file run-v4.cif (mmCIF, C-alpha atoms; chains and numbers go by the auth columns)
data_upload
loop_
_atom_site.group_PDB
_atom_site.id
_atom_site.type_symbol
_atom_site.label_atom_id
_atom_site.label_comp_id
_atom_site.label_asym_id
_atom_site.label_seq_id
_atom_site.Cartn_x
_atom_site.Cartn_y
_atom_site.Cartn_z
_atom_site.B_iso_or_equiv
_atom_site.auth_seq_id
_atom_site.auth_asym_id
ATOM 1 C CA MET A 1 106.876 119.416 100.006 0.00 1 A
ATOM 2 C CA LYS A 2 107.990 117.411 103.015 0.00 2 A
ATOM 3 C CA SER A 3 106.588 113.901 103.077 0.00 3 A
ATOM 4 C CA ILE A 4 104.148 113.426 105.937 0.00 4 A
ATOM 5 C CA GLY A 5 105.042 109.785 106.495 0.00 5 A
ATOM 6 C CA ARG A 6 108.795 110.233 106.860 0.00 6 A
ATOM 7 C CA LYS A 7 108.705 110.681 110.645 0.00 7 A
ATOM 8 C CA HIS A 8 106.020 108.171 111.516 0.00 8 A
ATOM 9 C CA ASP A 9 107.972 104.993 112.230 0.00 9 A
ATOM 10 C CA ILE A 10 106.342 102.159 114.096 0.00 10 A
ATOM 11 C CA PHE A 11 108.106 101.953 117.429 0.00 11 A
ATOM 12 C CA GLU A 12 108.640 98.177 117.169 0.00 12 A
ATOM 13 C CA ASP A 13 110.383 98.608 113.801 0.00 13 A
ATOM 14 C CA LEU A 14 112.792 101.213 115.124 0.00 14 A
ATOM 15 C CA TYR A 15 115.776 99.119 116.245 0.00 15 A
ATOM 16 C CA TYR A 16 117.757 102.100 117.434 0.00 16 A
ATOM 17 C CA PRO A 17 116.150 105.464 118.269 0.00 17 A
ATOM 18 C CA HIS A 18 117.538 108.305 116.170 0.00 18 A
ATOM 19 C CA PRO A 19 119.505 110.952 118.031 0.00 19 A
ATOM 20 C CA LEU A 20 118.333 114.500 117.465 0.00 20 A
ATOM 21 C CA ILE A 21 121.468 115.384 115.485 0.00 21 A
ATOM 22 C CA GLN A 22 120.825 112.502 113.076 0.00 22 A
ATOM 23 C CA ASP A 23 117.263 113.672 112.464 0.00 23 A
ATOM 24 C CA LEU A 24 118.504 117.226 111.894 0.00 24 A
ATOM 25 C CA ILE A 25 121.109 116.074 109.355 0.00 25 A
ATOM 26 C CA TRP A 26 118.628 113.857 107.500 0.00 26 A
ATOM 27 C CA ASP A 27 115.985 116.583 107.456 0.00 27 A
ATOM 28 C CA SER A 28 118.458 119.167 106.148 0.00 28 A
ATOM 29 C CA PHE A 29 119.567 116.810 103.356 0.00 29 A
ATOM 30 C CA TYR A 30 115.930 116.172 102.503 0.00 30 A
ATOM 31 C CA ILE A 31 114.998 119.859 102.488 0.00 31 A
ATOM 32 C CA CYS A 32 118.058 120.850 100.433 0.00 32 A
ATOM 33 C CA THR A 33 118.123 118.037 97.885 0.00 33 A
ATOM 34 C CA GLN A 34 114.448 117.280 97.293 0.00 34 A
ATOM 35 C CA PRO A 35 113.754 120.537 95.365 0.00 35 A
ATOM 36 C CA LEU A 36 116.859 119.932 93.228 0.00 36 A
ATOM 37 C CA LEU A 37 115.818 116.411 92.311 0.00 37 A
ATOM 38 C CA THR A 38 112.478 117.573 90.938 0.00 38 A
ATOM 39 C CA HIS A 39 114.015 119.977 88.390 0.00 39 A
ATOM 40 C CA TRP A 40 116.019 119.526 85.209 0.00 40 A
ATOM 41 C CA PRO A 41 118.525 117.815 84.772 0.00 41 A
ATOM 42 C CA PHE A 42 118.088 115.699 87.891 0.00 42 A
ATOM 43 C CA ASN A 43 114.479 114.761 87.150 0.00 43 A
ATOM 44 C CA LYS A 44 115.565 113.439 83.723 0.00 44 A
ATOM 45 C CA LEU A 45 118.366 111.437 85.332 0.00 45 A
ATOM 46 C CA ARG A 46 115.949 110.041 87.915 0.00 46 A
ATOM 47 C CA GLN A 47 113.427 109.106 85.215 0.00 47 A
ATOM 48 C CA LYS A 48 116.140 107.316 83.208 0.00 48 A
ATOM 49 C CA ALA A 49 117.238 105.407 86.343 0.00 49 A
ATOM 50 C CA ILE A 50 113.643 104.329 86.995 0.00 50 A
ATOM 51 C CA GLU A 51 113.285 103.122 83.392 0.00 51 A
ATOM 52 C CA VAL A 52 116.503 101.089 83.625 0.00 52 A
ATOM 53 C CA ARG A 53 115.423 99.616 86.958 0.00 53 A
ATOM 54 C CA MET A 54 112.022 98.599 85.601 0.00 54 A
ATOM 55 C CA LYS A 55 113.724 96.996 82.607 0.00 55 A
ATOM 56 C CA HIS A 56 115.765 94.893 85.060 0.00 56 A
ATOM 57 C CA VAL A 57 112.673 94.039 87.129 0.00 57 A
ATOM 58 C CA HIS A 58 110.777 92.851 84.039 0.00 58 A
ATOM 59 C CA TYR A 59 113.752 90.840 82.777 0.00 59 A
ATOM 60 C CA GLU A 60 114.128 89.115 86.155 0.00 60 A
ATOM 61 C CA ASP A 61 110.373 88.480 86.360 0.00 61 A
ATOM 62 C CA GLU A 62 110.281 86.843 82.950 0.00 62 A
ATOM 63 C CA ASN A 63 113.370 84.727 83.664 0.00 63 A
ATOM 64 C CA SER A 64 112.009 83.542 87.019 0.00 64 A
ATOM 65 C CA ARG A 65 108.442 83.130 85.733 0.00 65 A
ATOM 66 C CA TYR A 66 107.278 85.642 88.330 0.00 66 A
ATOM 67 C CA ILE A 67 108.633 83.600 91.250 0.00 67 A
ATOM 68 C CA ALA A 68 110.711 85.521 93.770 0.00 68 A
ATOM 69 C CA ILE A 69 112.909 84.091 96.508 0.00 69 A
ATOM 70 C CA GLY A 70 110.909 85.728 99.261 0.00 70 A
ATOM 71 C CA SER A 71 107.673 87.406 100.099 0.00 71 A
ATOM 72 C CA VAL A 72 109.324 90.772 100.773 0.00 72 A
ATOM 73 C CA GLU A 73 110.946 90.893 97.353 0.00 73 A
ATOM 74 C CA LYS A 74 107.724 89.725 95.770 0.00 74 A
ATOM 75 C CA CYS A 75 105.427 92.196 97.511 0.00 75 A
ATOM 76 C CA CYS A 76 107.597 95.219 98.147 0.00 76 A
ATOM 77 C CA VAL A 77 109.801 95.293 95.083 0.00 77 A
ATOM 78 C CA CYS A 78 108.286 93.508 92.132 0.00 78 A
ATOM 79 C CA LEU A 79 104.559 93.778 92.746 0.00 79 A
ATOM 80 C CA LEU A 80 104.555 97.415 93.864 0.00 80 A
ATOM 81 C CA ALA A 81 106.983 98.524 91.158 0.00 81 A
ATOM 82 C CA CYS A 82 104.809 96.964 88.477 0.00 82 A
ATOM 83 C CA ARG A 83 101.674 98.452 90.003 0.00 83 A
ATOM 84 C CA VAL A 84 103.154 101.953 90.083 0.00 84 A
ATOM 85 C CA GLU A 85 104.297 101.552 86.499 0.00 85 A
ATOM 86 C CA ASP A 86 100.904 100.403 85.179 0.00 86 A
ATOM 87 C CA PRO A 87 98.099 99.275 87.541 0.00 87 A
ATOM 88 C CA HIS A 88 96.213 97.603 84.674 0.00 88 A
ATOM 89 C CA GLY A 89 99.235 96.181 82.846 0.00 89 A
ATOM 90 C CA ASP A 90 100.169 92.583 82.133 0.00 90 A
ATOM 91 C CA TYR A 91 103.228 92.617 84.417 0.00 91 A
ATOM 92 C CA PHE A 92 101.133 93.584 87.417 0.00 92 A
ATOM 93 C CA LYS A 93 98.467 91.004 86.580 0.00 93 A
ATOM 94 C CA LYS A 94 101.080 88.253 86.297 0.00 94 A
ATOM 95 C CA HIS A 95 102.415 89.170 89.755 0.00 95 A
ATOM 96 C CA LEU A 96 98.907 89.135 91.199 0.00 96 A
ATOM 97 C CA ALA A 97 98.389 85.636 89.817 0.00 97 A
ATOM 98 C CA THR A 98 101.317 84.299 91.904 0.00 98 A
ATOM 99 C CA ILE A 99 100.696 86.252 95.126 0.00 99 A
ATOM 100 C CA SER A 100 98.834 83.331 96.716 0.00 100 A
ATOM 101 C CA ASP A 101 102.084 81.347 96.617 0.00 101 A
ATOM 102 C CA TYR A 102 103.492 83.783 99.175 0.00 102 A
ATOM 103 C CA MET A 103 100.584 85.186 101.169 0.00 103 A
ATOM 104 C CA TRP A 104 97.237 83.849 102.324 0.00 104 A
ATOM 105 C CA ILE A 105 94.717 84.395 105.085 0.00 105 A
ATOM 106 C CA GLY A 106 94.873 81.688 107.746 0.00 106 A
ATOM 107 C CA GLU A 107 92.505 81.193 110.649 0.00 107 A
ATOM 108 C CA ASP A 108 94.770 83.336 112.840 0.00 108 A
ATOM 109 C CA GLY A 109 95.525 86.097 110.325 0.00 109 A
ATOM 110 C CA LEU A 110 97.745 86.867 107.353 0.00 110 A
ATOM 111 C CA LYS A 111 100.399 84.246 106.605 0.00 111 A
ATOM 112 C CA MET A 112 103.569 84.694 104.555 0.00 112 A
ATOM 113 C CA GLN A 113 106.136 82.185 103.433 0.00 113 A
ATOM 114 C CA ILE A 114 109.478 82.213 101.710 0.00 114 A
ATOM 115 C CA ILE A 115 109.865 80.187 98.549 0.00 115 A
ATOM 116 C CA PHE A 116 113.181 78.655 99.425 0.00 116 A
ATOM 117 C CA GLY A 117 114.538 75.170 99.384 0.00 117 A
ATOM 118 C CA SER A 118 117.812 73.392 99.104 0.00 118 A
ATOM 119 C CA GLN A 119 116.739 70.148 97.492 0.00 119 A
ATOM 120 C CA ALA A 120 119.570 70.153 94.949 0.00 120 A
ATOM 121 C CA TRP A 121 122.183 70.845 97.633 0.00 121 A
ATOM 122 C CA ASP A 122 120.739 68.216 99.951 0.00 122 A
ATOM 123 C CA THR A 123 120.550 65.624 97.191 0.00 123 A
ATOM 124 C CA SER A 124 124.092 66.256 95.990 0.00 124 A
ATOM 125 C CA PHE A 125 125.558 66.005 99.500 0.00 125 A
ATOM 126 C CA ALA A 126 123.555 62.862 100.238 0.00 126 A
ATOM 127 C CA LEU A 127 124.751 61.275 96.995 0.00 127 A
ATOM 128 C CA GLN A 128 128.357 62.125 97.820 0.00 128 A
ATOM 129 C CA GLU A 129 127.999 60.461 101.207 0.00 129 A
ATOM 130 C CA LEU A 130 126.350 57.380 99.709 0.00 130 A
ATOM 131 C CA ILE A 131 129.097 57.031 97.097 0.00 131 A
ATOM 132 C CA ALA A 132 131.759 57.395 99.808 0.00 132 A
ATOM 133 C CA CYS A 133 130.261 54.356 101.595 0.00 133 A
ATOM 134 C CA ASN A 134 131.408 52.030 98.760 0.00 134 A
ATOM 135 C CA MET A 135 128.065 50.219 98.821 0.00 135 A
ATOM 136 C CA THR A 136 127.009 51.016 95.277 0.00 136 A
ATOM 137 C CA ASP A 137 125.640 47.520 94.649 0.00 137 A
ATOM 138 C CA GLU A 138 123.115 47.786 97.501 0.00 138 A
ATOM 139 C CA ILE A 139 122.074 51.395 96.858 0.00 139 A
ATOM 140 C CA GLY A 140 122.217 51.473 93.064 0.00 140 A
ATOM 141 C CA PRO A 141 118.517 52.384 92.561 0.00 141 A
ATOM 142 C CA THR A 142 118.830 55.212 95.099 0.00 142 A
ATOM 143 C CA LEU A 143 121.901 56.592 93.326 0.00 143 A
ATOM 144 C CA LYS A 144 120.079 56.358 90.005 0.00 144 A
ATOM 145 C CA LYS A 145 117.084 58.320 91.341 0.00 145 A
ATOM 146 C CA GLY A 146 119.396 60.926 92.870 0.00 146 A
ATOM 147 C CA HIS A 147 121.272 61.296 89.598 0.00 147 A
ATOM 148 C CA GLN A 148 117.979 61.660 87.745 0.00 148 A
ATOM 149 C CA PHE A 149 116.864 64.410 90.164 0.00 149 A
ATOM 150 C CA ILE A 150 120.151 66.313 89.782 0.00 150 A
ATOM 151 C CA ASN A 151 119.927 65.936 85.998 0.00 151 A
ATOM 152 C CA GLU A 152 116.356 67.291 85.969 0.00 152 A
ATOM 153 C CA SER A 153 117.420 70.191 88.204 0.00 153 A
ATOM 154 C CA GLN A 154 120.068 71.218 85.724 0.00 154 A
ATOM 155 C CA VAL A 155 119.504 74.365 83.691 0.00 155 A
ATOM 156 C CA LYS A 156 119.175 73.477 80.025 0.00 156 A
ATOM 157 C CA ASP A 157 119.522 76.975 78.508 0.00 157 A
ATOM 158 C CA ASN A 158 121.077 80.335 79.257 0.00 158 A
ATOM 159 C CA PRO A 159 118.785 83.232 80.149 0.00 159 A
ATOM 160 C CA TYR A 160 117.142 84.713 77.088 0.00 160 A
ATOM 161 C CA GLY A 161 118.270 87.907 75.405 0.00 161 A
ATOM 162 C CA ASP A 162 121.312 89.943 76.340 0.00 162 A
ATOM 163 C CA PHE A 163 121.667 88.465 79.821 0.00 163 A
ATOM 164 C CA LYS A 164 125.121 89.972 80.377 0.00 164 A
ATOM 165 C CA SER A 165 123.717 93.498 80.189 0.00 165 A
ATOM 166 C CA MET A 166 121.209 92.423 82.876 0.00 166 A
ATOM 167 C CA TYR A 167 124.051 91.260 85.160 0.00 167 A
ATOM 168 C CA HIS A 168 123.308 87.567 84.656 0.00 168 A
ATOM 169 C CA HIS A 169 125.939 84.961 83.932 0.00 169 A
ATOM 170 C CA ILE A 170 125.985 81.915 81.714 0.00 170 A
ATOM 171 C CA SER A 171 123.730 79.442 83.471 0.00 171 A
ATOM 172 C CA LYS A 172 123.500 76.484 81.101 0.00 172 A
ATOM 173 C CA GLY A 173 124.629 73.404 83.005 0.00 173 A
ATOM 174 C CA LEU A 174 124.202 74.863 86.478 0.00 174 A
ATOM 175 C CA ILE A 175 121.960 73.335 89.101 0.00 175 A
ATOM 176 C CA MET A 176 118.963 75.270 90.403 0.00 176 A
ATOM 177 C CA ASP A 177 119.131 75.778 94.153 0.00 177 A
ATOM 178 C CA ILE A 178 115.387 76.180 94.545 0.00 178 A
ATOM 179 C CA LEU A 179 113.217 75.527 91.518 0.00 179 A
ATOM 180 C CA ARG A 180 114.161 75.237 87.898 0.00 180 A
ATOM 181 C CA SER A 181 111.432 77.748 87.161 0.00 181 A
ATOM 182 C CA GLY A 182 113.163 80.238 89.472 0.00 182 A
ATOM 183 C CA SER A 183 116.385 82.077 88.856 0.00 183 A
ATOM 184 C CA TRP A 184 118.568 81.253 91.847 0.00 184 A
ATOM 185 C CA LEU A 185 121.479 79.185 90.665 0.00 185 A
ATOM 186 C CA ALA A 186 123.988 77.042 92.503 0.00 186 A
ATOM 187 C CA SER A 187 127.258 75.711 91.222 0.00 187 A
ATOM 188 C CA PHE A 188 128.671 72.442 92.556 0.00 188 A
#
call {"tool": "encode", "arguments": {"input": "run-v4.cif", "output": "structure tokens"}}
result
Amino acid sequence: MKSIGRKHDIFEDLYYPHPLIQDLIWDSFYICTQPLLTHWPFNKLRQKAIEVRMKHVHYEDENSRYIAIGSVEKCCVCLLACRVEDPHGDYFKKHLATISDYMWIGEDGLKMQIIFGSQAWDTSFALQELIACNMTDEIGPTLKKGHQFINESQVKDNPYGDFKSMYHHISKGLIMDILRSGSWLASF
């Protein structure tokens, strides 16, 4: 019953070597609790928790249009969870369609990037500084373009459905920190 891969850590990933007592405690918890978790009522509780978690994953995916803030979240959480749930399902296929935004093969190997930006923050701070200069006559077109960008970055609607049960807040009127198609909000 013991998982074969539990003890095979890559040495470079092991920040701090485990003391023997720590391994003994973890192994005893694993040996004692794993058989319990596979029998009723714990297996039913675990199955219900997985269903609730997948409901949250799908809600977040649909709200963010399958864009995640980082490659780890994209690959390790969303993509794998949807694949385990249904390898031929629509959710998994939609994640596969956006994987090239995060990962690609370069001439020197696999490349990954984080979809992160602070354009709205940068623009708002720059506009505040420009306004503080009291030179609005000279920089009027720049202020107008900055205002237009902030206005276009603003969220026009709240998340769909019962967003409070999905631990989302009212977002209408907030400014997107990254992309309006994403779900990471900033409040100024």
call {"tool": "closest_residue", "arguments": {"input": "run-v4.cif", "among": "A:Trp121, A:Tyr15, A:Phe42, A:Tyr91", "to": "Tyr59 (chain A)", "atoms": "all atoms listed in the file"}}
result
A:Tyr91
call {"tool": "resolve_selection", "arguments": {"input": "run-v4.cif", "expression": "the PyMOL selection byres ((chain A and resi 103) around 12)", "output": "ChimeraX atom specification"}}
result
/A:70-72,74-75,96-102,104-106,109-115
call {"tool": "atom_distance", "arguments": {"input": "run-v4.cif", "atom1": "CA of Asn151 (chain A)", "atom2": "CA of Thr123 (chain A)"}}
result
11.2 Å
call {"tool": "atom_distance", "arguments": {"input": "run-v4.cif", "atom1": "CA of His169 (chain A)", "atom2": "CA of Arg53 (chain A)"}}
result
18.3 Å
call {"tool": "closest_residue", "arguments": {"input": "run-v4.cif", "among": "A:Gln119, A:Lys172, A:Gly140, A:Met166", "to": "His58 (chain A)", "atoms": "only C-alpha atoms"}}
result
A:Met166
call {"tool": "closest_residue", "arguments": {"input": "run-v4.cif", "among": "A:Asp137, A:Asp122, A:Glu129, A:Asp162", "to": "Phe149 (chain A)", "atoms": "all atoms listed in the file"}}
result
A:Asp122
call {"tool": "residues_around", "arguments": {"input": "run-v4.cif", "residues": "Cys82 (chain A)", "least_positions_apart": "6", "cutoff": "12 Å", "atoms": "only C-alpha atoms", "output": "PyMOL selection string"}}
result
chain A and resi 50-51+53-58+61+66+74-76+88-96
call {"tool": "atom_distance", "arguments": {"input": "run-v4.cif", "atom1": "CA of Asn158 (chain A)", "atom2": "CA of Ser64 (chain A)"}}
result
12.4 Å
call {"tool": "resolve_selection", "arguments": {"input": "run-v4.cif", "expression": "the PyMOL selection byres ((chain A and resi 143) around 12)", "output": "list in words"}}
result
Thr123, Ser124, Phe125, Ala126, Leu127, Gln128, Glu129, Leu130, Ile131, Ala132, Cys133, Asn134, Met135, Thr136, Asp137, Glu138, Ile139, Gly140, Pro141, Thr142, Lys144, Lys145, Gly146, His147, Gln148, Phe149 and Ile150 of chain A
call {"tool": "build_atoms", "arguments": {"input": "run-v4.cif", "residues": "region 96-113 of chain A", "atoms": "N, CA, C and O atoms", "output": "compact mmCIF listing (two decimals), in the frame of the given file"}}
result
# COMPACT_ATOMS: atom_id res chain seq x y z
N LEU A 96 100.09 89.43 90.39
CA LEU A 96 98.91 89.14 91.20
C LEU A 96 98.52 87.66 91.13
O LEU A 96 98.06 87.09 92.11
N ALA A 97 98.75 87.05 89.98
CA ALA A 97 98.39 85.64 89.82
C ALA A 97 99.23 84.72 90.70
O ALA A 97 98.78 83.64 91.08
N THR A 98 100.45 85.15 91.08
CA THR A 98 101.32 84.30 91.90
C THR A 98 101.38 84.74 93.37
O THR A 98 102.14 84.16 94.14
N ILE A 99 100.61 85.74 93.75
CA ILE A 99 100.70 86.25 95.13
C ILE A 99 100.23 85.22 96.15
O ILE A 99 100.73 85.17 97.28
N SER A 100 99.32 84.34 95.76
CA SER A 100 98.83 83.33 96.72
C SER A 100 99.90 82.29 97.05
O SER A 100 99.76 81.56 98.03
N ASP A 101 100.97 82.23 96.27
CA ASP A 101 102.08 81.35 96.62
C ASP A 101 102.85 81.86 97.83
O ASP A 101 103.54 81.10 98.50
N TYR A 102 102.73 83.15 98.12
CA TYR A 102 103.49 83.78 99.18
C TYR A 102 102.64 84.20 100.37
O TYR A 102 103.11 84.18 101.49
N MET A 103 101.43 84.63 100.11
CA MET A 103 100.58 85.19 101.17
C MET A 103 99.19 84.58 101.10
O MET A 103 98.67 84.35 100.01
N TRP A 104 98.61 84.33 102.26
CA TRP A 104 97.24 83.85 102.32
C TRP A 104 96.69 84.17 103.70
O TRP A 104 97.43 84.46 104.63
N ILE A 105 95.38 84.14 103.81
CA ILE A 105 94.72 84.40 105.08
C ILE A 105 94.47 83.06 105.77
O ILE A 105 93.76 82.21 105.25
N GLY A 106 95.09 82.88 106.93
CA GLY A 106 94.87 81.69 107.75
C GLY A 106 93.83 81.98 108.81
O GLY A 106 93.31 83.10 108.91
N GLU A 107 93.52 80.99 109.61
CA GLU A 107 92.50 81.19 110.65
C GLU A 107 92.96 82.17 111.73
O GLU A 107 92.14 82.75 112.43
N ASP A 108 94.28 82.38 111.84
CA ASP A 108 94.77 83.34 112.84
C ASP A 108 95.40 84.57 112.20
O ASP A 108 96.20 85.26 112.82
N GLY A 109 95.06 84.87 110.96
CA GLY A 109 95.52 86.10 110.32
C GLY A 109 96.31 85.86 109.05
O GLY A 109 96.33 84.75 108.50
N LEU A 110 96.97 86.91 108.58
CA LEU A 110 97.74 86.87 107.35
C LEU A 110 98.99 86.01 107.53
O LEU A 110 99.72 86.15 108.51
N LYS A 111 99.23 85.13 106.59
CA LYS A 111 100.40 84.25 106.60
C LYS A 111 101.29 84.58 105.42
O LYS A 111 100.80 84.89 104.34
N MET A 112 102.60 84.49 105.63
CA MET A 112 103.57 84.69 104.56
C MET A 112 104.59 83.57 104.62
O MET A 112 104.91 83.07 105.68
N GLN A 113 105.09 83.20 103.46
CA GLN A 113 106.14 82.18 103.43
C GLN A 113 107.20 82.58 102.43
O GLN A 113 106.97 83.36 101.53
